[in-house]
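Enquirer: Sharing my_file-v5.txt, compact mmCIF, C-alpha atoms:
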# COMPACT_ATOMS: atom_id res chain seq x y z
CA MET A 603 170.10 188.68 141.35
CA ARG A 604 167.02 188.66 143.60
CA ALA A 605 164.73 188.43 140.54
CA ARG A 606 166.82 185.53 139.27
CA ILE A 607 166.49 183.57 142.54
CA ASN A 608 162.80 184.41 142.70
CA ARG A 609 162.36 183.04 139.18
CA LEU A 610 164.28 179.89 140.08
CA TRP A 611 161.69 179.12 142.78
CA TRP A 612 158.89 179.71 140.29
CA GLN A 613 160.55 177.32 137.85
CA ILE A 614 161.05 174.58 140.43
CA THR A 615 157.41 174.99 141.44
CA GLY A 616 156.40 174.74 137.76
CA VAL A 617 158.23 171.44 137.31
CA PHE A 618 156.48 169.85 140.30
CA LEU A 619 153.14 171.50 139.66
CA PHE A 620 152.83 170.01 136.18
CA ASN A 621 154.75 166.77 136.83
CA THR A 622 153.98 165.52 140.27
CA PRO A 623 153.99 161.84 141.19
CA PHE A 624 152.22 162.48 144.50
CA ILE A 625 148.66 162.56 143.21
CA GLY A 626 148.91 159.50 141.02
CA PRO A 627 149.90 159.16 137.39
CA ASN A 628 148.14 161.39 134.86
CA HIS A 629 145.07 162.23 136.99
CA TYR A 630 144.88 165.74 135.60
CA ALA A 631 146.72 165.22 132.32
CA PHE A 632 143.65 166.43 130.43
CA LEU A 633 143.93 169.95 131.88
CA THR A 634 145.41 172.31 129.32
CA VAL A 635 148.21 174.40 130.85
CA PRO A 636 150.10 177.36 129.34
CA VAL A 637 153.48 175.60 129.17
CA LEU A 638 155.13 173.03 126.91
CA ASN A 639 154.55 170.10 129.26
CA CYS A 640 154.08 166.85 127.35
CA TYR A 641 150.96 165.07 128.58
CA ALA A 642 152.49 161.73 127.61
CA CYS A 643 155.01 162.17 130.44
CA PRO A 644 154.24 159.44 132.99
CA LEU A 645 154.10 162.08 135.73
CA ALA A 646 152.22 164.78 133.78
CA GLN A 647 149.40 166.61 135.51
CA GLY A 648 148.74 169.03 132.69
CA ALA A 649 148.51 168.87 128.91
CA CYS A 650 150.52 170.90 126.43
CA PRO A 651 148.06 173.22 124.63
CA ILE A 652 149.86 172.69 121.32
CA GLY A 653 149.34 168.92 121.65
CA THR A 654 145.64 169.44 122.45
CA PHE A 655 145.31 171.92 119.58
CA GLN A 656 146.77 169.42 117.10
CA HIS A 657 144.68 166.55 118.48
CA PHE A 658 141.48 168.42 117.62
CA LEU A 659 142.78 169.38 114.17
CA VAL A 660 143.56 165.71 113.49
CA ILE A 661 140.01 164.61 114.36
CA GLY A 662 138.65 167.45 112.21
CA MET A 663 137.27 169.63 115.02
CA ILE A 664 137.88 173.29 115.85
CA PRO A 665 140.14 173.32 118.94
CA PHE A 666 137.96 175.67 121.00
CA LEU A 667 139.39 174.56 124.34
CA ALA A 668 143.04 174.93 123.41
CA LEU A 669 142.42 178.29 121.71
CA GLY A 670 140.45 179.56 124.69
CA VAL A 671 142.99 178.45 127.27
CA ILE A 672 145.99 179.77 125.29
CA GLY A 673 144.18 183.07 124.69
CA LEU A 674 143.14 183.50 128.32
CA PHE A 675 146.57 182.81 129.73
CA ALA A 676 148.31 184.84 127.03
CA GLY A 677 145.92 187.75 127.57
CA MET A 678 146.81 187.69 131.26
CA ALA A 679 150.59 187.70 131.06
CA GLY A 680 151.97 186.95 127.57
CA ARG A 681 155.18 184.90 127.72
CA PHE A 682 155.51 185.18 131.50
CA TYR A 683 154.84 181.42 131.71
CA CYS A 684 157.84 180.67 129.46
CA SER A 685 160.26 182.23 131.93
CA HIS A 686 158.60 181.27 135.20
CA LEU A 687 156.73 177.98 134.80
CA CYS A 688 157.76 176.09 131.65
CA PRO A 689 159.69 172.91 132.58
CA PHE A 690 161.42 172.75 129.20
CA GLY A 691 162.47 176.38 129.45
CA PHE A 692 163.92 175.61 132.89
CA PHE A 693 165.80 172.67 131.37
CA GLN A 694 167.39 174.99 128.81
CA ASP A 695 168.22 177.56 131.51
CA ILE A 696 170.07 174.86 133.48
CA LEU A 697 172.02 173.75 130.39
CA GLY A 698 172.89 177.37 129.66
CA ARG A 699 174.88 177.51 132.89
CA PHE A 700 177.48 175.09 131.53
CA SER A 701 179.08 177.68 129.29
CA LYS A 702 179.81 181.35 129.82
CA LYS A 703 180.40 182.15 126.19
CA LYS A 704 177.19 182.40 124.18
CA LEU A 705 176.59 182.67 120.48
CA ARG A 706 174.22 185.39 119.33
CA LEU A 707 171.44 184.34 116.95
CA PRO A 708 170.52 186.54 114.01
CA HIS A 709 167.36 188.56 114.60
CA TRP A 710 165.36 186.71 111.93
CA ALA A 711 165.86 183.39 113.74
CA GLY A 712 163.24 184.59 116.23
CA TYR A 713 160.59 184.22 113.51
CA GLY A 714 161.34 180.50 113.14
CA LYS A 715 158.86 179.79 115.90
CA TYR A 716 156.06 181.23 113.75
CA ALA A 717 157.00 178.89 110.90
CA SER A 718 156.93 176.05 113.42
CA LEU A 719 153.47 177.13 114.62
CA VAL A 720 151.93 177.54 111.18
CA VAL A 721 153.56 174.64 109.30
CA LEU A 722 154.19 171.96 111.93
CA ALA A 723 151.31 172.61 114.33
CA MET A 724 148.55 173.98 112.06
CA ILE A 725 148.95 172.88 108.43
CA LEU A 726 150.54 169.42 108.61
CA PRO A 727 148.46 167.74 111.41
CA PRO A 728 145.11 167.70 109.53
CA ILE A 729 146.87 166.64 106.30
CA LEU A 730 149.00 163.85 107.79
CA LYS A 731 146.37 162.90 110.39
CA GLU A 732 148.84 162.98 113.23
CA PRO A 733 150.06 165.71 115.65
CA PHE A 734 153.13 166.41 113.55
CA PHE A 735 154.82 168.89 115.86
CA CYS A 736 154.64 166.27 118.67
CA THR A 737 156.44 163.77 116.46
CA LEU A 738 159.44 166.15 116.43
CA CYS A 739 159.09 167.85 119.82
CA PRO A 740 162.23 167.48 121.99
CA ALA A 741 160.17 168.15 125.14
CA GLY A 742 158.13 165.03 124.31
CA THR A 743 161.31 162.98 123.88
CA LEU A 744 162.68 164.21 127.21
CA GLU A 745 159.50 163.89 129.24
CA ALA A 746 157.78 160.93 127.57
CA GLY A 747 159.94 159.06 125.04
CA ILE A 748 163.06 158.47 127.10
CA PRO A 749 161.34 157.68 130.46
CA ILE A 750 158.78 155.30 128.95
CA VAL A 751 161.22 153.46 126.67
CA SER A 752 163.85 153.26 129.47
CA ASP A 753 161.27 151.88 131.87
CA ALA A 754 160.20 149.26 129.34
CA TRP A 755 163.86 148.36 128.67
CA PHE A 756 164.69 147.97 132.38
CA GLN A 757 161.62 145.81 132.85
CA THR A 758 162.62 143.53 130.01
CA ARG A 759 166.34 143.43 130.85
CA PHE A 760 166.32 143.27 134.63
CA GLY A 761 162.70 142.52 135.50
CA SER A 762 162.57 145.75 137.49
CA ALA A 763 159.43 147.30 138.93
CA ASP A 764 156.94 148.70 136.45
CA LEU A 765 157.35 152.38 137.39
CA PHE A 766 155.41 154.04 134.61
CA ALA A 767 153.10 151.25 133.50
CA SER A 768 155.11 151.04 130.28
CA LYS A 769 154.51 148.08 128.04
CA SER A 770 157.53 146.03 127.12
CA SER A 771 155.99 145.63 123.64
CA ILE A 772 156.84 149.27 123.08
CA LEU A 773 160.48 148.25 122.58
CA TYR A 774 159.53 146.35 119.43
CA MET A 775 157.75 149.42 118.05
CA ILE A 776 160.78 151.68 118.22
CA GLY A 777 162.08 152.58 114.81
CA TRP A 778 164.40 155.07 113.23
CA TRP A 779 162.00 157.93 113.96
CA TYR A 780 162.51 157.48 117.70
CA TRP A 781 166.26 157.81 117.29
CA PHE A 782 165.78 160.75 114.95
CA LYS A 783 163.71 162.40 117.69
CA VAL A 784 166.41 161.63 120.27
CA GLY A 785 168.88 163.24 117.84
CA ILE A 786 166.74 166.41 117.80
CA LEU A 787 166.83 166.45 121.60
CA VAL A 788 170.61 166.00 121.61
CA GLY A 789 170.88 168.90 119.14
CA VAL A 790 168.72 171.10 121.39
CA VAL A 791 170.81 170.12 124.43
CA TYR A 792 174.02 171.10 122.64
CA LEU A 793 172.53 174.35 121.34
CA SER A 794 171.21 175.22 124.81
CA ILE A 795 174.77 175.16 126.10
CA VAL A 796 176.10 177.55 123.45
CA VAL A 797 172.97 179.66 122.76
CA LYS A 798 170.53 181.07 125.30
CA ARG A 799 167.18 179.23 125.21
CA PRO A 800 167.42 178.22 121.52
CA PHE A 801 164.22 176.19 121.38
CA CYS A 802 162.11 178.94 122.99
CA ARG A 803 163.48 181.54 120.61
CA MET A 804 163.50 179.60 117.34
CA ALA A 805 161.04 176.72 117.43
CA CYS A 806 158.45 176.83 120.20
CA PRO A 807 154.95 177.26 118.70
CA LEU A 808 153.47 177.95 122.13
CA GLY A 809 156.00 180.72 122.73
CA ALA A 810 155.06 182.14 119.32
CA THR A 811 151.39 182.27 120.27
CA LEU A 812 151.98 183.71 123.73
CA GLY A 813 154.45 186.23 122.28
CA LEU A 814 151.72 187.75 120.10
CA PHE A 815 150.03 188.92 123.30
CA ASN A 816 153.14 190.24 125.03
CA ARG A 817 152.46 193.93 124.52
CA ILE A 818 148.72 193.80 125.14
CA SER A 819 148.59 191.43 128.09
CA VAL A 820 146.90 192.74 131.24
CA PHE A 821 149.72 192.04 133.67
CA VAL A 822 153.53 191.91 133.77
CA HIS A 823 154.91 194.82 131.81
CA PRO A 824 158.33 196.37 132.16
CA PRO A 825 158.42 199.97 133.38
CA LEU A 826 158.74 202.64 130.70
CA GLU A 827 162.30 203.74 130.11
CA LYS A 828 161.63 207.16 131.61
CA GLN A 829 160.60 205.38 134.82
CA LEU A 830 164.03 203.82 134.88
CA SER A 831 165.48 207.29 135.61
CA GLY A 832 166.74 207.74 132.09
CA LYS A 833 168.80 204.58 132.18
CA GLU A 834 168.77 201.66 129.82
CA TYR A 835 167.43 198.30 130.81
CA PHE A 836 170.03 196.05 132.39
CA LEU A 837 170.18 193.48 129.59
CA LYS A 838 173.42 191.77 130.48
CA ASN A 839 171.71 188.69 131.94
CA CYS A 840 168.72 188.50 129.61
CA PRO A 841 167.84 184.78 129.25
CA VAL A 842 166.80 185.25 125.59
CA HIS A 843 169.73 187.45 124.67
CA ILE A 844 167.83 190.69 124.03
CA THR A 845 170.38 193.42 123.40
CA LYS A 846 168.20 196.43 122.48
CA SER A 847 165.89 198.11 124.96
CA GLU A 848 163.13 198.45 122.32
CA ASP A 849 162.92 194.64 122.17
CA VAL A 850 161.97 194.43 125.85
CA ASP A 851 158.32 193.24 125.97
CA SER A 852 158.41 192.28 122.25
CA HIS A 853 157.53 188.78 121.00
CA ILE A 854 161.06 187.61 121.86
CA CYS A 855 160.85 188.76 125.49
CA ILE A 856 159.82 186.11 128.04
CA LYS A 857 158.98 188.65 130.77
CA CYS A 858 161.51 187.30 133.24
CA GLU A 859 161.74 190.78 134.87
CA GLN A 860 165.49 190.49 135.36
CA CYS A 861 166.26 193.53 133.23
CA TYR A 862 164.43 196.00 135.42
CA HIS A 863 165.04 194.40 138.81
CA ARG A 864 168.67 195.18 138.18
CA PRO A 865 171.39 195.90 140.72
CA GLY A 866 170.98 199.39 142.14
CA GLU A 867 173.65 202.06 142.00
CA ASN A 868 174.76 201.31 145.52
CA ASP A 869 174.75 197.56 145.02
CA THR A 870 178.04 195.89 144.47
CA ILE A 871 178.11 193.48 141.56
CA THR A 872 179.67 190.39 143.01
CA PRO A 873 182.23 188.37 141.04
CA SER A 874 179.70 185.56 140.66
CA ALA A 875 177.19 187.97 139.12
CA GLU A 876 179.82 189.24 136.72
CA SER A 877 180.61 185.72 135.65
CA LEU A 878 177.02 184.80 134.86
CA PRO A 879 176.51 183.07 131.53
CA GLY A 880 176.01 185.27 128.54
CA THR A 881 178.51 187.95 129.45
CA GLU A 882 180.68 187.15 126.48
CA THR A 883 179.06 186.93 123.10
CA SER A 884 179.94 186.26 119.55
CA GLU A 885 177.92 186.34 116.35
CA ILE A 886 176.97 183.26 114.38
CA PRO A 887 178.47 183.93 110.96
CA MET B 831 154.25 199.33 125.55
CA ILE B 832 150.70 200.13 124.47
CA ASN B 833 148.59 202.73 126.31
CA ARG B 834 146.99 201.30 129.46
CA ASN B 835 143.37 202.17 128.54
CA VAL B 836 143.64 200.65 125.08
CA ARG B 837 145.24 197.57 126.56
CA ILE B 838 142.43 197.10 129.09
CA ARG B 839 139.73 197.45 126.43
CA VAL B 840 141.45 194.98 124.14
CA ALA B 841 141.98 192.65 127.09
CA ILE B 842 138.29 192.73 128.05
CA VAL B 843 137.23 191.84 124.49
CA LEU B 844 139.80 189.04 124.34
CA ILE B 845 138.91 187.67 127.76
CA VAL B 846 135.22 187.44 126.81
CA LEU B 847 136.10 185.82 123.47
CA PHE B 848 138.46 183.26 124.93
CA THR B 849 136.24 182.49 127.91
CA VAL B 850 133.41 181.65 125.50
CA SER B 851 135.85 179.53 123.47
CA THR B 852 136.98 177.66 126.59
CA ALA B 853 133.38 177.12 127.71
CA VAL B 854 132.41 175.75 124.28
CA GLY B 855 135.48 173.47 124.36
CA ILE B 856 134.56 172.07 127.79
CA TYR B 857 130.89 171.67 126.83
CA ARG B 858 131.69 169.53 123.82
CA LYS B 859 131.72 165.75 124.00
CA GLU B 860 135.27 165.44 122.65
CA PHE B 861 136.71 167.06 125.78
CA TRP B 862 135.16 164.37 127.96
CA ASP B 863 136.51 161.71 125.60
CA ILE B 864 139.98 163.14 126.23
CA ILE B 865 139.46 162.95 130.00
CA THR B 866 138.47 159.30 129.68
CA ASN B 867 141.58 158.55 127.64
CA ALA B 868 143.98 160.84 129.51
CA THR B 869 146.23 158.00 130.57
CA MET B 870 146.66 156.55 127.08
CA ILE B 871 150.14 156.48 125.63
CA CYS B 872 150.79 159.12 122.99
CA TYR B 873 152.93 157.35 120.42
CA SER B 874 153.65 160.54 118.49
CA CYS B 875 155.09 162.16 121.62
CA ILE B 876 157.29 159.14 122.33
CA GLY B 877 158.54 159.08 118.76
CA ILE B 878 156.89 155.94 117.41
CA LYS B 879 155.49 156.19 113.91
Output the file's structure as structure tokens, nothing else.
Expert:
Amino acid sequence: MRARINRLWWQITGVFLFNTPFIGPNHYAFLTVPVLNCYACPLAQGACPIGTFQHFLVIGMIPFLALGVIGLFAGMAGRFYCSHLCPFGFFQDILGRFSKKKLRLPHWAGYGKYASLVVLAMILPPILKEPFFCTLCPAGTLEAGIPIVSDAWFQTRFGSADLFASKSSILYMIGWWYWFKVGILVGVVYLSIVVKRPFCRMACPLGATLGLFNRISVFVHPPLEKQLSGKEYFLKNCPVHITKSEDVDSHICIKCEQCYHRPGENDTITPSAESLPGTETSEIP
Amino acid sequence: MINRNVRIRVAIVLIVLFTVSTAVGIYRKEFWDIITNATMICYSCIGIK
């Protein structure tokens, strides 16, 4: 429980660290950060490395900066950033609290994020000459699309203050693709209620890249099972629904540390802890 | 989990590699172009084609 509260503070800090309105709009939006934080967000103070990576592929350059930053952060702590700092991961965690009963994804679904990385973020951008993963990304819709379009709409409709320097002309540029993208976000929202962190597990190309470094990263490793006094990891509250101890620290694991900062033998599991989401599961047929 | 010594050696190689990559990325002109245009609207991210 303590690890969970600790992580909550990290996540809140992550949201404000990468999206703060206090130092002016987009002053540091060029800085590549190890989380899926859309740099088109009006409040962004850090750029998504996948967006930067695709940008360089589109202009026909090798994305040295994005590769270097992803590699450095991943080499330090693997997917630690997914569980502790990623604003979109936090969003899914919040949605996950709305339902106790969770569906279990088949194991192969975890490899979907590699398909997303290779096809949507590496192969298609230089061919189509646009950052194709960004055109589908639900984090972009949530952090950039909806705020900017809403701001423009309120300006046009009610003459309200120009909060995000949005142009009202943007309303005339909206087509079916925008609504398709909103539909993807709605789908992710629904899935996040019935499945634990679906986007992180199935579609996030950044998570796929960071996950490759999980077992070799310098910091943040779970203790060996023998150091757990012969007990299994406490996987009941795993935010990515890991059910086997050998999968702890694998590419699926987001290094949230909840499984080994478990309640001790003398600790009483409170009713609220017993009723945490994910305690009841069922398989997707 | 991989042996600690192996992990540290691999990590040192990777850190050197990725630090060089980051340095090259920052040195290049394109990075400074991005800084200049950091406040531009990303139409792909919004969902405008």
Enquirer: Please find the residues of chain A near chain B - the criterion being any atom within 8 Å, counting all atoms listed in the file - and write them as a PyMOL selection string.
Expert: chain A and resi 627-632+640+642+665-671+673-674+677+732-734+736-739+742-743+746-748+750+775-777+779-781+783+817-820+823+826+851
Enquirer: To box segment 657-675 of chain A, take all atoms listed in the file, fit an axis-aligned box, add 6 Å on each side, and give centre and edge lengths in Å to one decimal, as lines of an AutoDock Vina configuration file.
Expert:
center_x = 141.9
center_y = 174.1
center_z = 121.0
size_x = 21.3
size_y = 30.9
size_z = 29.5
Enquirer: To one decimal in Å, tell me the separation between atom CA of Ala723 of chain A and atom CA of Cys650 of chain A.
Expert: 12.2 Å
Enquirer: I'd like the interatomic distance between atom CA of Tyr862 of chain A and atom CA of Leu619 of chain A, to a tenth of an Å.
Expert: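 Distance between the two atoms: 27.3 Å.
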Enquirer: For a test of reading the model, state the distance in Å between atom CA of Ile772 of chain A and atom CA of Ala754 of chain A, rounded to one decimal.
Expert: 7.1 Å
Enquirer: Do you know which residues are at most 6 Å from segment 784-801 of chain A counting only C-alpha atoms, after dropping those on the same chain fewer than 4 positions away, and could you put them as a list in words?
Expert: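 With the cut-off at 6 Å, the set is Gln694, Leu697, Gly698, Ser701, Lys704, Leu705, Pro740, Ala805, Cys806 and Val842 of chain A.
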Enquirer: Taking only C-alpha atoms into account, name the residue in A:Cys855, A:Ile664, A:Cys861, A:Met804 that is nearest to Pro708 of chain A.
Expert: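 Comparing A:Cys855, A:Ile664, A:Cys861, A:Met804 against Pro708 of chain A, the winner is A:Met804.
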Enquirer: Between A:Ala711, A:Val660, A:Leu687, A:Leu638, which is the closest to Ile725 of chain A once you count only C-alpha atoms?
Expert: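 Checking each of A:Ala711, A:Val660, A:Leu687, A:Leu638 against Ile725 of chain A, counting only C-alpha atoms, the winner is A:Val660.
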Enquirer: Find, counting all atoms listed in the file, the residue in A:Pro644, A:Pro807, A:Gly616, A:Pro825 that gets nearest to Val751 of chain A.
Expert: A:Pro644
